[in-house]
>>> print(open('protein-v3.txt').read())   # compact mmCIF, C-alpha atoms and all ligand atoms
# COMPACT_ATOMS: atom_id res chain seq x y z
CA MET A 925 127.91 26.99 -20.20
CA GLY A 926 130.37 24.31 -19.27
CA SER A 927 131.19 25.86 -15.86
CA HIS A 928 127.78 25.01 -14.28
CA ARG A 929 128.14 22.47 -11.47
CA ARG A 930 125.26 20.61 -9.81
CA ARG A 931 124.66 21.50 -6.14
CA ALA A 932 126.36 18.84 -4.04
CA GLU A 933 125.09 17.75 -0.61
CA GLY A 934 126.58 20.04 2.03
CA ASP A 935 126.87 23.01 -0.32
CA PRO A 936 125.16 26.07 1.19
CA VAL A 937 121.60 26.64 -0.03
CA ASP A 938 121.19 30.02 -1.65
CA SER A 939 118.19 31.36 0.30
CA LYS A 940 118.07 34.76 -1.37
CA PRO A 941 115.08 34.85 -3.72
CA ALA A 942 115.94 35.55 -7.33
CA ARG A 943 115.19 39.08 -8.40
CA LEU A 944 112.02 39.13 -10.50
CA SER A 945 111.00 41.68 -13.08
CA ASP A 946 107.94 43.89 -12.53
CA THR A 947 106.03 41.78 -15.03
CA GLU A 948 106.94 38.55 -13.26
CA GLN A 949 105.86 40.02 -9.92
CA ALA A 950 102.60 41.24 -11.47
CA GLY A 951 102.04 37.69 -12.73
CA ILE A 952 102.45 36.31 -9.22
CA ARG A 953 100.01 38.86 -7.82
CA LEU A 954 97.47 38.08 -10.54
CA PHE A 955 97.75 34.36 -9.86
CA GLU A 956 97.31 35.01 -6.14
CA GLU A 957 94.11 36.90 -6.98
CA THR A 958 93.00 34.00 -9.20
CA LEU A 959 93.30 31.63 -6.25
CA GLY A 960 91.28 33.88 -3.93
CA TYR A 961 88.46 31.35 -4.03
CA VAL A 962 90.75 28.66 -2.58
CA TYR A 963 91.01 30.75 0.55
CA SER A 964 87.20 30.94 0.82
CA ALA A 965 87.02 27.17 0.35
CA ALA A 966 89.53 26.61 3.15
CA LEU A 967 87.53 28.92 5.42
CA ARG A 968 84.39 26.97 4.62
CA ALA A 969 86.13 23.66 5.35
CA ALA A 970 87.41 24.91 8.73
CA ALA A 971 83.93 26.18 9.62
CA ALA A 972 82.26 22.95 8.46
CA VAL A 973 84.63 20.72 10.44
CA GLY A 974 84.05 22.93 13.50
CA VAL A 975 87.73 23.15 14.39
CA ALA A 976 87.49 26.52 16.18
CA ASP A 977 85.21 25.11 18.89
CA HIS A 978 87.95 22.68 19.87
CA LEU A 979 90.55 25.45 20.28
CA ALA A 980 88.51 27.40 22.82
CA SER A 981 90.48 25.88 25.69
CA GLY A 982 93.89 26.65 24.13
CA PRO A 983 96.31 25.57 21.38
CA LYS A 984 96.22 22.00 20.04
CA THR A 985 98.24 19.89 17.63
CA VAL A 986 96.59 18.96 14.42
CA VAL A 987 96.49 15.31 15.57
CA GLU A 988 94.50 16.35 18.65
CA LEU A 989 92.22 18.45 16.46
CA ALA A 990 91.70 15.62 14.01
CA GLN A 991 90.78 13.29 16.88
CA ALA A 992 88.34 15.81 18.28
CA THR A 993 86.65 16.61 14.95
CA GLY A 994 86.99 13.33 13.07
CA ALA A 995 88.89 15.16 10.30
CA HIS A 996 91.85 13.89 8.26
CA ALA A 997 94.90 15.18 10.19
CA ASP A 998 97.23 15.95 7.29
CA ASN A 999 94.60 17.72 5.20
CA LEU A 1000 93.36 19.65 8.21
CA ASN A 1001 96.93 20.81 8.80
CA ARG A 1002 97.17 22.01 5.20
CA VAL A 1003 93.92 23.97 5.52
CA LEU A 1004 94.90 25.58 8.83
CA ARG A 1005 98.37 26.61 7.68
CA ALA A 1006 96.86 28.24 4.58
CA LEU A 1007 94.35 30.15 6.72
CA ALA A 1008 97.13 31.16 9.13
CA MET A 1009 98.75 33.08 6.25
CA ARG A 1010 95.92 35.58 6.57
CA GLY A 1011 95.66 35.57 10.34
CA VAL A 1012 92.74 33.16 10.71
CA PHE A 1013 94.32 30.66 13.15
CA HIS A 1014 97.97 30.87 14.14
CA GLU A 1015 100.60 28.16 14.36
CA ASP A 1016 102.77 28.54 17.46
CA ASP A 1017 106.47 27.62 17.68
CA ARG A 1018 105.54 24.13 18.96
CA GLY A 1019 103.49 23.43 15.82
CA ARG A 1020 100.16 23.76 17.62
CA PHE A 1021 97.28 25.80 16.20
CA GLU A 1022 95.53 28.49 18.22
CA LEU A 1023 92.68 30.94 17.77
CA THR A 1024 93.18 34.50 16.56
CA PRO A 1025 90.44 37.13 17.01
CA GLU A 1026 89.12 36.22 13.52
CA ALA A 1027 89.21 32.47 14.21
CA GLU A 1028 87.43 33.07 17.55
CA LEU A 1029 84.39 34.16 15.49
CA LEU A 1030 84.38 30.76 13.77
CA ARG A 1031 83.37 29.22 17.10
CA SER A 1032 79.71 28.27 17.12
CA ASP A 1033 79.18 29.11 20.78
CA VAL A 1034 80.38 32.73 21.10
CA PRO A 1035 78.27 35.89 20.95
CA GLY A 1036 78.72 37.41 17.50
CA SER A 1037 79.74 34.06 15.98
CA LEU A 1038 80.08 34.27 12.19
CA ARG A 1039 80.35 30.52 11.63
CA SER A 1040 76.85 30.29 10.22
CA ALA A 1041 77.51 33.34 7.98
CA VAL A 1042 80.69 31.72 6.63
CA LEU A 1043 78.76 28.55 5.81
CA THR A 1044 75.89 30.42 4.15
CA PHE A 1045 77.97 32.83 2.08
CA THR A 1046 80.14 29.95 0.82
CA ASP A 1047 77.15 27.62 0.32
CA LYS A 1048 76.64 26.17 -3.17
CA THR A 1049 73.88 28.71 -3.81
CA PHE A 1050 76.42 31.55 -3.56
CA TRP A 1051 79.44 29.59 -4.74
CA ASN A 1052 77.96 28.18 -7.95
CA SER A 1053 76.32 31.51 -8.85
CA HIS A 1054 79.70 33.24 -8.60
CA GLY A 1055 81.25 30.52 -10.73
CA GLU A 1056 78.86 31.63 -13.48
CA LEU A 1057 79.33 35.37 -12.91
CA ALA A 1058 80.38 35.86 -16.54
CA HIS A 1059 76.74 35.10 -17.41
CA SER A 1060 75.64 38.13 -15.36
CA VAL A 1061 78.30 40.29 -16.97
CA GLU A 1062 77.32 39.19 -20.47
CA HIS A 1063 73.53 39.21 -20.08
CA GLY A 1064 72.79 41.58 -17.20
CA ASP A 1065 70.75 39.15 -15.09
CA ALA A 1066 71.45 37.04 -12.01
CA SER A 1067 73.51 33.92 -12.74
CA PHE A 1068 71.70 32.30 -9.77
CA ASP A 1069 68.52 31.95 -11.84
CA LYS A 1070 70.43 30.22 -14.66
CA VAL A 1071 72.24 27.83 -12.31
CA PHE A 1072 69.32 26.95 -10.03
CA GLY A 1073 66.38 27.40 -12.42
CA THR A 1074 64.45 29.70 -10.10
CA THR A 1075 64.90 32.99 -8.26
CA PHE A 1076 66.86 33.36 -5.03
CA PHE A 1077 64.04 33.88 -2.51
CA ASP A 1078 61.77 31.31 -4.21
CA TYR A 1079 64.60 28.78 -3.96
CA PHE A 1080 64.83 29.26 -0.20
CA ARG A 1081 61.06 28.77 0.11
CA ASP A 1082 60.46 25.94 -2.38
CA VAL A 1083 63.69 23.97 -2.79
CA GLU A 1084 66.23 24.43 -0.02
CA SER A 1085 65.53 24.76 3.70
CA PRO A 1086 64.98 28.49 4.44
CA GLU A 1087 67.31 28.06 7.43
CA THR A 1088 70.31 27.63 5.08
CA PHE A 1089 70.06 31.26 4.01
CA TYR A 1090 68.20 33.00 6.82
CA SER A 1091 70.34 31.79 9.72
CA GLY A 1092 73.57 32.78 7.94
CA MET A 1093 72.09 36.15 7.00
CA GLN A 1094 71.10 36.63 10.63
CA SER A 1095 74.61 35.72 11.80
CA LYS A 1096 76.18 38.30 9.46
CA SER A 1097 73.58 40.94 10.37
CA ASP A 1098 73.73 40.37 14.11
CA SER A 1099 77.41 41.27 14.17
CA GLU A 1100 76.40 44.84 13.21
CA ASN A 1101 72.88 45.35 14.56
CA ALA A 1102 73.53 46.60 18.10
CA SER A 1103 76.08 49.11 16.84
CA ILE A 1104 73.79 50.30 14.03
CA ILE A 1105 70.90 50.85 16.42
CA ARG A 1106 73.16 53.02 18.60
CA ASN A 1107 73.50 55.32 15.56
CA LEU A 1108 69.73 55.75 15.20
CA THR A 1109 67.23 57.81 17.13
CA PHE A 1110 63.54 57.04 17.22
CA PRO A 1111 60.63 59.34 18.11
CA ALA A 1112 59.21 58.35 21.53
CA GLY A 1113 56.43 55.80 21.17
CA ALA A 1114 57.14 55.22 17.46
CA THR A 1115 55.99 52.16 15.57
CA VAL A 1116 59.02 50.74 13.77
CA VAL A 1117 58.73 48.22 10.95
CA ASP A 1118 61.66 46.02 9.98
CA VAL A 1119 60.82 45.60 6.27
CA GLY A 1120 62.16 42.26 5.00
CA GLY A 1121 63.52 41.83 8.50
CA GLY A 1122 64.29 38.09 8.23
CA TYR A 1123 64.54 36.69 11.75
CA GLY A 1124 64.23 40.18 13.25
CA GLY A 1125 67.67 40.71 14.83
CA LEU A 1126 67.70 44.43 13.97
CA LEU A 1127 64.20 45.03 15.36
CA LEU A 1128 65.14 43.09 18.48
CA GLU A 1129 68.04 45.50 19.12
CA ALA A 1130 65.78 48.53 18.51
CA LEU A 1131 63.17 47.27 20.98
CA ARG A 1132 65.89 46.51 23.53
CA ALA A 1133 67.39 49.99 23.14
CA ASP A 1134 64.14 51.96 23.51
CA ASP A 1135 61.27 50.61 25.58
CA SER A 1136 58.80 53.15 24.16
CA LEU A 1137 58.90 51.57 20.68
CA TYR A 1138 56.44 49.15 19.12
CA GLY A 1139 57.86 46.81 16.47
CA LEU A 1140 56.52 45.08 13.37
CA LEU A 1141 58.60 42.35 11.79
CA MET A 1142 57.59 42.09 8.14
CA ASP A 1143 58.78 39.40 5.75
CA LEU A 1144 57.59 37.20 2.91
CA GLY A 1145 55.81 34.41 4.76
CA ASP A 1146 55.69 32.03 7.67
CA HIS A 1147 58.67 30.11 6.27
CA VAL A 1148 60.75 33.15 7.28
CA VAL A 1149 59.07 34.80 10.27
CA ALA A 1150 58.57 31.45 12.04
CA GLY A 1151 62.31 31.62 12.80
CA HIS A 1152 62.01 35.05 14.48
CA ARG A 1153 63.95 35.87 17.63
CA LEU A 1154 61.64 38.44 19.21
CA GLY A 1155 60.77 35.86 21.86
CA GLU A 1156 64.15 36.78 23.39
CA LEU A 1157 62.32 39.81 24.83
CA GLY A 1158 60.48 37.41 27.17
CA ASP A 1159 57.21 38.82 28.54
CA ASP A 1160 57.74 42.03 26.61
CA ASP A 1161 55.20 41.81 23.81
CA ARG A 1162 55.68 45.16 22.05
CA TRP A 1163 55.84 43.49 18.66
CA GLU A 1164 53.92 41.59 16.04
CA LEU A 1165 54.69 39.58 12.93
CA VAL A 1166 53.42 40.70 9.53
CA THR A 1167 53.68 38.54 6.43
CA GLY A 1168 53.35 40.10 3.01
CA ASP A 1169 54.99 41.28 -0.17
CA PHE A 1170 56.65 44.69 0.02
CA PHE A 1171 56.08 45.10 -3.73
CA GLU A 1172 52.35 45.11 -2.92
CA GLU A 1173 52.14 47.07 0.32
CA CYS A 1174 53.89 47.91 3.57
CA PRO A 1175 52.16 48.34 6.95
CA PRO A 1176 51.52 51.79 8.52
CA ALA A 1177 54.39 52.91 10.79
CA ASP A 1178 56.55 55.88 11.80
CA VAL A 1179 59.95 54.41 10.96
CA TYR A 1180 60.76 51.96 8.14
CA LEU A 1181 64.00 50.02 8.55
CA LEU A 1182 65.22 48.45 5.29
CA LYS A 1183 68.44 46.60 5.99
CA HIS A 1184 69.96 44.92 2.95
CA ILE A 1185 66.66 45.23 1.09
CA ILE A 1186 67.28 48.02 -1.42
CA HIS A 1187 70.53 46.40 -2.55
CA ASP A 1188 68.62 43.25 -3.60
CA TRP A 1189 66.60 44.99 -6.34
CA ASN A 1190 66.87 47.06 -9.50
CA ASP A 1191 65.93 50.76 -9.53
CA GLU A 1192 62.36 50.22 -10.70
CA GLN A 1193 61.70 47.58 -8.05
CA CYS A 1194 63.28 49.78 -5.34
CA VAL A 1195 61.07 52.70 -6.27
CA ARG A 1196 58.04 50.42 -5.87
CA ILE A 1197 59.15 49.33 -2.39
CA LEU A 1198 59.96 52.89 -1.32
CA ARG A 1199 56.66 54.25 -2.67
CA ASN A 1200 54.79 51.57 -0.73
CA CYS A 1201 56.60 52.63 2.44
CA ARG A 1202 55.95 56.31 1.73
CA ARG A 1203 52.24 55.66 1.06
CA ALA A 1204 51.78 53.84 4.38
CA MET A 1205 54.08 56.15 6.40
CA ARG A 1206 52.49 58.19 9.18
CA PRO A 1207 52.97 62.01 9.14
CA GLY A 1208 56.51 62.95 10.20
CA GLY A 1209 57.71 59.43 9.39
CA ARG A 1210 61.12 58.34 8.18
CA ILE A 1211 62.72 55.71 5.99
CA VAL A 1212 66.05 54.26 7.12
CA VAL A 1213 67.93 52.32 4.45
CA LEU A 1214 70.86 50.29 5.75
CA ASP A 1215 73.16 49.32 2.89
CA THR A 1216 76.61 49.98 1.57
CA VAL A 1217 77.27 53.40 0.05
CA ILE A 1218 79.82 52.86 -2.71
CA PRO A 1219 82.76 55.27 -2.61
CA PRO A 1220 84.11 56.73 -5.85
CA ARG A 1221 86.67 55.29 -8.25
CA ASN A 1222 89.45 53.05 -6.90
CA GLU A 1223 88.78 53.43 -3.17
CA PRO A 1224 88.80 49.93 -1.63
CA HIS A 1225 85.51 49.04 0.06
CA LEU A 1226 83.95 45.71 1.01
CA GLY A 1227 80.74 47.04 -0.54
CA LYS A 1228 82.30 46.62 -3.98
CA LEU A 1229 82.42 42.86 -3.32
CA PHE A 1230 78.85 42.83 -1.90
CA ASP A 1231 77.92 44.51 -5.17
CA ILE A 1232 79.28 41.57 -7.19
CA MET A 1233 77.54 39.18 -4.82
CA VAL A 1234 74.11 40.75 -5.32
CA MET A 1235 74.81 40.95 -9.06
CA SER A 1236 75.18 37.18 -9.20
CA ILE A 1237 72.19 36.20 -7.04
CA LEU A 1238 69.55 38.92 -7.49
CA PRO A 1239 68.60 41.85 -9.76
CA GLY A 1240 70.20 44.20 -7.22
CA ARG A 1241 73.22 46.45 -6.85
CA GLU A 1242 75.03 48.54 -4.25
CA ARG A 1243 74.65 52.27 -4.84
CA THR A 1244 76.49 55.57 -4.54
CA GLU A 1245 75.02 58.42 -2.51
CA GLU A 1246 73.90 60.08 -5.74
CA GLU A 1247 72.14 56.91 -6.85
CA PHE A 1248 70.28 56.74 -3.50
CA ARG A 1249 69.29 60.40 -3.86
CA ALA A 1250 67.87 59.71 -7.34
CA LEU A 1251 65.94 56.62 -6.13
CA PHE A 1252 64.40 58.55 -3.25
CA ASP A 1253 63.50 61.39 -5.57
CA LYS A 1254 61.55 59.03 -7.86
CA ALA A 1255 59.68 57.67 -4.83
CA GLY A 1256 58.66 61.14 -3.55
CA LEU A 1257 61.28 61.12 -0.80
CA GLU A 1258 64.20 63.35 0.12
CA LEU A 1259 67.56 62.11 1.38
CA THR A 1260 68.27 63.70 4.77
CA ARG A 1261 71.26 61.87 6.25
CA VAL A 1262 74.09 59.51 5.31
CA LEU A 1263 76.15 58.04 8.12
CA ASP A 1264 79.11 55.69 7.88
CA THR A 1265 78.67 53.10 10.66
CA GLY A 1266 82.19 51.69 10.34
CA PHE A 1267 80.77 48.47 8.88
CA ALA A 1268 80.24 48.08 5.14
CA VAL A 1269 76.72 49.35 5.78
CA SER A 1270 75.71 53.01 6.06
CA VAL A 1271 72.60 54.65 7.43
CA VAL A 1272 70.81 56.42 4.56
CA GLU A 1273 67.71 58.27 5.78
CA ALA A 1274 64.87 59.91 3.88
CA VAL A 1275 61.61 61.71 4.63
CA ALA A 1276 58.57 62.44 2.47
CA ARG A 1277 59.05 65.40 0.13
C1 LIG B 1 69.12 40.16 2.21
S1 LIG B 1 67.83 39.66 3.26
C2 LIG B 1 67.99 40.84 4.58
C3 LIG B 1 67.37 40.36 5.87
C4 LIG B 1 67.53 41.35 7.04
N1 LIG B 1 66.90 42.63 6.75
C5 LIG B 1 68.99 41.52 7.39
O1 LIG B 1 69.57 42.56 7.05
O2 LIG B 1 69.54 40.61 7.99
C6 LIG B 1 66.40 40.21 2.39
C7 LIG B 1 65.09 39.94 3.09
O3 LIG B 1 64.00 40.41 2.28
C8 LIG B 1 62.94 39.45 2.34
N2 LIG B 1 62.11 39.60 1.13
C9 LIG B 1 62.47 39.29 -0.15
N3 LIG B 1 61.46 39.59 -0.98
C10 LIG B 1 60.45 40.10 -0.23
C11 LIG B 1 59.15 40.59 -0.54
N4 LIG B 1 58.71 40.64 -1.80
N5 LIG B 1 58.38 41.04 0.48
C12 LIG B 1 58.84 40.99 1.77
N6 LIG B 1 60.07 40.55 2.12
C13 LIG B 1 60.87 40.10 1.13
C14 LIG B 1 63.68 38.14 2.40
O4 LIG B 1 62.86 37.09 2.83
C15 LIG B 1 64.83 38.48 3.34
O5 LIG B 1 64.48 38.31 4.69
>>> encode(input="protein-v3.txt", output="structure tokens")
Amino acid sequence: MGSHRRRAEGDPVDSKPARLSDTEQAGIRLFEETLGYVYSAALRAAAAVGVADHLASGPKTVVELAQATGAHADNLNRVLRALAMRGVFHEDDRGRFELTPEAELLRSDVPGSLRSAVLTFTDKTFWNSHGELAHSVEHGDASFDKVFGTTFFDYFRDVESPETFYSGMQSKSDSENASIIRNLTFPAGATVVDVGGGYGGLLLEALRADDSLYGLLMDLGDHVVAGHRLGELGDDDRWELVTGDFFEECPPADVYLLKHIIHDWNDEQCVRILRNCRRAMRPGGRIVVLDTVIPPRNEPHLGKLFDIMVMSILPGRERTEEEFRALFDKAGLELTRVLDTGFAVSVVEAVAR
């Protein structure tokens, strides 16, 4: 006891970390997991301030970045160094920050930009619903409805600007759409309907890939389809807009694309949507669901996080292949193909039984 001496200036600093027990290390890991949301908040702040746009021309000091963005230099530095731990931004040996491939996608002016997706999926509508996730776990319904006093899609029609959700959804979806369409084949001359297609990015890629197709973009109302992007096809007018409720009916077509639709709803609601597609489907038609397929047990998969997300905002869930098979069966359909696209979204196809 008495032999302990205070470290005097000039004494060497012992830089070897103390050896921790397994329990102590587990505690650190658990606390790191607990602070996962801080990382998302930092990502949101970087996207909101728009810092990535100012690094397009090369590395900059945080003072230069603060001048360019109007941000508080010291706090911006703290956010960027935290993000750099996970490879979003990188600090060089002169203390300047630069873009990494992930940070590049935070730029607002690059093809495939995810800036809008980052802002939407960390918006208060998602953030506050996840803060109340225990409500969903205890009661089995979406915490969104408790927090915001209405349902998710009604909120983005009646309360908040639709743009806040639909442009971020489009940004996330667009990063996958061209690649997904390359994994699909369409019968020549087919009519393809993008059911709940939002701004129509998936349909746009289908029409670009095959000039024999005719496209219908179907969504809830003008507040959604008014933001459509099919005008990017220029004079090519092989498309029309359809507004309506897929729980009531779906338009006649040969191919039904349902991207991130089935995962929004419970089994009973999904069977209603799928039956409506089947009823309207032309002979030889096909249903193409584009959603995560959950792998078994402990296998890591981004879809298991999407699953929590839809749990907190909607009555939906992500499903296993067996669960898709059972849904299709109840809707008079038969599962014919499951394809992993490499994204956390698979192609799950079905035909009429
Ligand atoms: C999760 S978003 C997916 C959008 C798009 N398919 C994508 O993957 O980017 C769900 C879409 O379903 C639409 N939707 C929700 N309820 C609907 C209903 N009852 N009838 C038609 N569309 C609906 C929403 O407006 C929204 O565009």
>>> closest_residue(input="protein-v3.txt", among="A:Tyr1079, A:Tyr1090, A:Phe1252, A:Tyr963", to="ligand LIG 1 (chain B)", atoms="all atoms listed in the file")
A:Tyr1090
>>> residues_near_ligand(input="protein-v3.txt", ligand="ligand LIG 1 (chain B)", cutoff="7 Å", atoms="only C-alpha atoms and all ligand atoms", output="list in words")
Phe1077, Tyr1090, Met1093, Gln1094, Ser1097, Val1119, Gly1120, Gly1121, Gly1122, Met1142, Asp1143, Leu1144, Val1148, Gly1168, Asp1169, Phe1170, Phe1171, Leu1182, Lys1183, His1184, Ile1185 and Asp1188 of chain A
>>> write_last_selection(input="protein-v3.txt", atoms="C-alpha atoms", output="compact mmCIF listing (two decimals), in the coordinates of the input")
# COMPACT_ATOMS: atom_id res chain seq x y z
CA PHE A 1077 64.04 33.88 -2.51
CA TYR A 1090 68.20 33.00 6.82
CA MET A 1093 72.09 36.15 7.00
CA GLN A 1094 71.10 36.63 10.63
CA SER A 1097 73.58 40.94 10.37
CA VAL A 1119 60.82 45.60 6.27
CA GLY A 1120 62.16 42.26 5.00
CA GLY A 1121 63.52 41.83 8.50
CA GLY A 1122 64.29 38.09 8.23
CA MET A 1142 57.59 42.09 8.14
CA ASP A 1143 58.78 39.40 5.75
CA LEU A 1144 57.59 37.20 2.91
CA VAL A 1148 60.75 33.15 7.28
CA GLY A 1168 53.35 40.10 3.01
CA ASP A 1169 54.99 41.28 -0.17
CA PHE A 1170 56.65 44.69 0.02
CA PHE A 1171 56.08 45.10 -3.73
CA LEU A 1182 65.22 48.45 5.29
CA LYS A 1183 68.44 46.60 5.99
CA HIS A 1184 69.96 44.92 2.95
CA ILE A 1185 66.66 45.23 1.09
CA ASP A 1188 68.62 43.25 -3.60
>>> closest_residue(input="protein-v3.txt", among="A:Glu988, A:Glu1246, A:Asp935, A:Asp1178", to="Val1275 of chain A", atoms="only C-alpha atoms")
A:Asp1178
>>> closest_residue(input="protein-v3.txt", among="A:Ala1006, A:Leu1137, A:Leu979, A:Leu1023", to="Leu959 of chain A", atoms="all atoms listed in the file")
A:Ala1006
>>> closest_residue(input="protein-v3.txt", among="A:Leu1198, A:Leu1108, A:Val1234, A:Leu1257", to="Val1271 of chain A", atoms="only C-alpha atoms")
A:Leu1108
>>> residues_around(input="protein-v3.txt", residues="segment 993-996 of chain A", least_positions_apart="6", cutoff="9 Å", atoms="all atoms listed in the file", output="PDB file with C-alpha atoms, in the frame of the given file")
ATOM      1  CA  VAL A 973      84.630  20.720  10.440  1.00  0.00           C
ATOM      2  CA  GLY A 974      84.050  22.930  13.500  1.00  0.00           C
ATOM      3  CA  VAL A 975      87.730  23.150  14.390  1.00  0.00           C
ATOM      4  CA  HIS A 978      87.950  22.680  19.870  1.00  0.00           C
ATOM      5  CA  VAL A 987      96.490  15.310  15.570  1.00  0.00           C
TER       6      VAL A 987
END
>>> closest_residue(input="protein-v3.txt", among="A:Pro1025, A:Asn1107, A:Ala1130, A:His1147", to="Thr1088 of chain A", atoms="all atoms listed in the file")
A:His1147
>>> residues_near_point(input="protein-v3.txt", point="(77.3, 32.9, 10.7)", cutoff="12 Å", atoms="all atoms listed in the file", output="number ranges by chain")
A: 968, 971-972, 1029-1047, 1087-1099
>>> residues_around(input="protein-v3.txt", residues="Tyr1180 of chain A", least_positions_apart="5", cutoff="9 Å", atoms="all atoms listed in the file", output="list in words")
Thr1115, Val1116, Val1117, Asp1118, Val1119, Cys1201, Met1205, Gly1209, Arg1210, Ile1211, Val1212 and Val1213 of chain A
>>> atom_distance(input="protein-v3.txt", atom1="atom CA of Ala1058 of chain A", atom2="atom CA of Ile1218 of chain A")
21.9 Å
>>> closest_residue(input="protein-v3.txt", among="A:Ala1150, A:Ala1112, A:Pro1175, A:Leu1181", to="Leu1127 of chain A", atoms="all atoms listed in the file")
A:Leu1181
>>> atom_distance(input="protein-v3.txt", atom1="atom CA of Tyr1138 of chain A", atom2="atom CA of His1152 of chain A")
15.9 Å
>>> atom_distance(input="protein-v3.txt", atom1="atom CA of Arg1162 of chain A", atom2="atom CA of Ala1133 of chain A")
12.7 Å
>>> residues_around(input="protein-v3.txt", residues="Leu1165 of chain A", least_positions_apart="6", cutoff="8 Å", atoms="only C-alpha atoms", output="CSV table (one decimal) with C-alpha atoms, in the frame of the given file")
chain,number,residue,atom,x,y,z
A,1140,LEU,CA,56.5,45.1,13.4
A,1141,LEU,CA,58.6,42.4,11.8
A,1142,MET,CA,57.6,42.1,8.1
A,1149,VAL,CA,59.1,34.8,10.3
>>> residues_around(input="protein-v3.txt", residues="segment 1008-1010 of chain A", least_positions_apart="5", cutoff="10 Å", atoms="only C-alpha atoms", output="compact mmCIF listing (two decimals) with C-alpha atoms, keeping the file's coordinate frame")
# COMPACT_ATOMS: atom_id res chain seq x y z
CA TYR A 963 91.01 30.75 0.55
CA ARG A 1002 97.17 22.01 5.20
CA VAL A 1003 93.92 23.97 5.52
CA GLU A 1015 100.60 28.16 14.36
CA PHE A 1021 97.28 25.80 16.20
CA GLU A 1022 95.53 28.49 18.22
CA LEU A 1023 92.68 30.94 17.77
CA THR A 1024 93.18 34.50 16.56
CA GLU A 1026 89.12 36.22 13.52
CA ALA A 1027 89.21 32.47 14.21
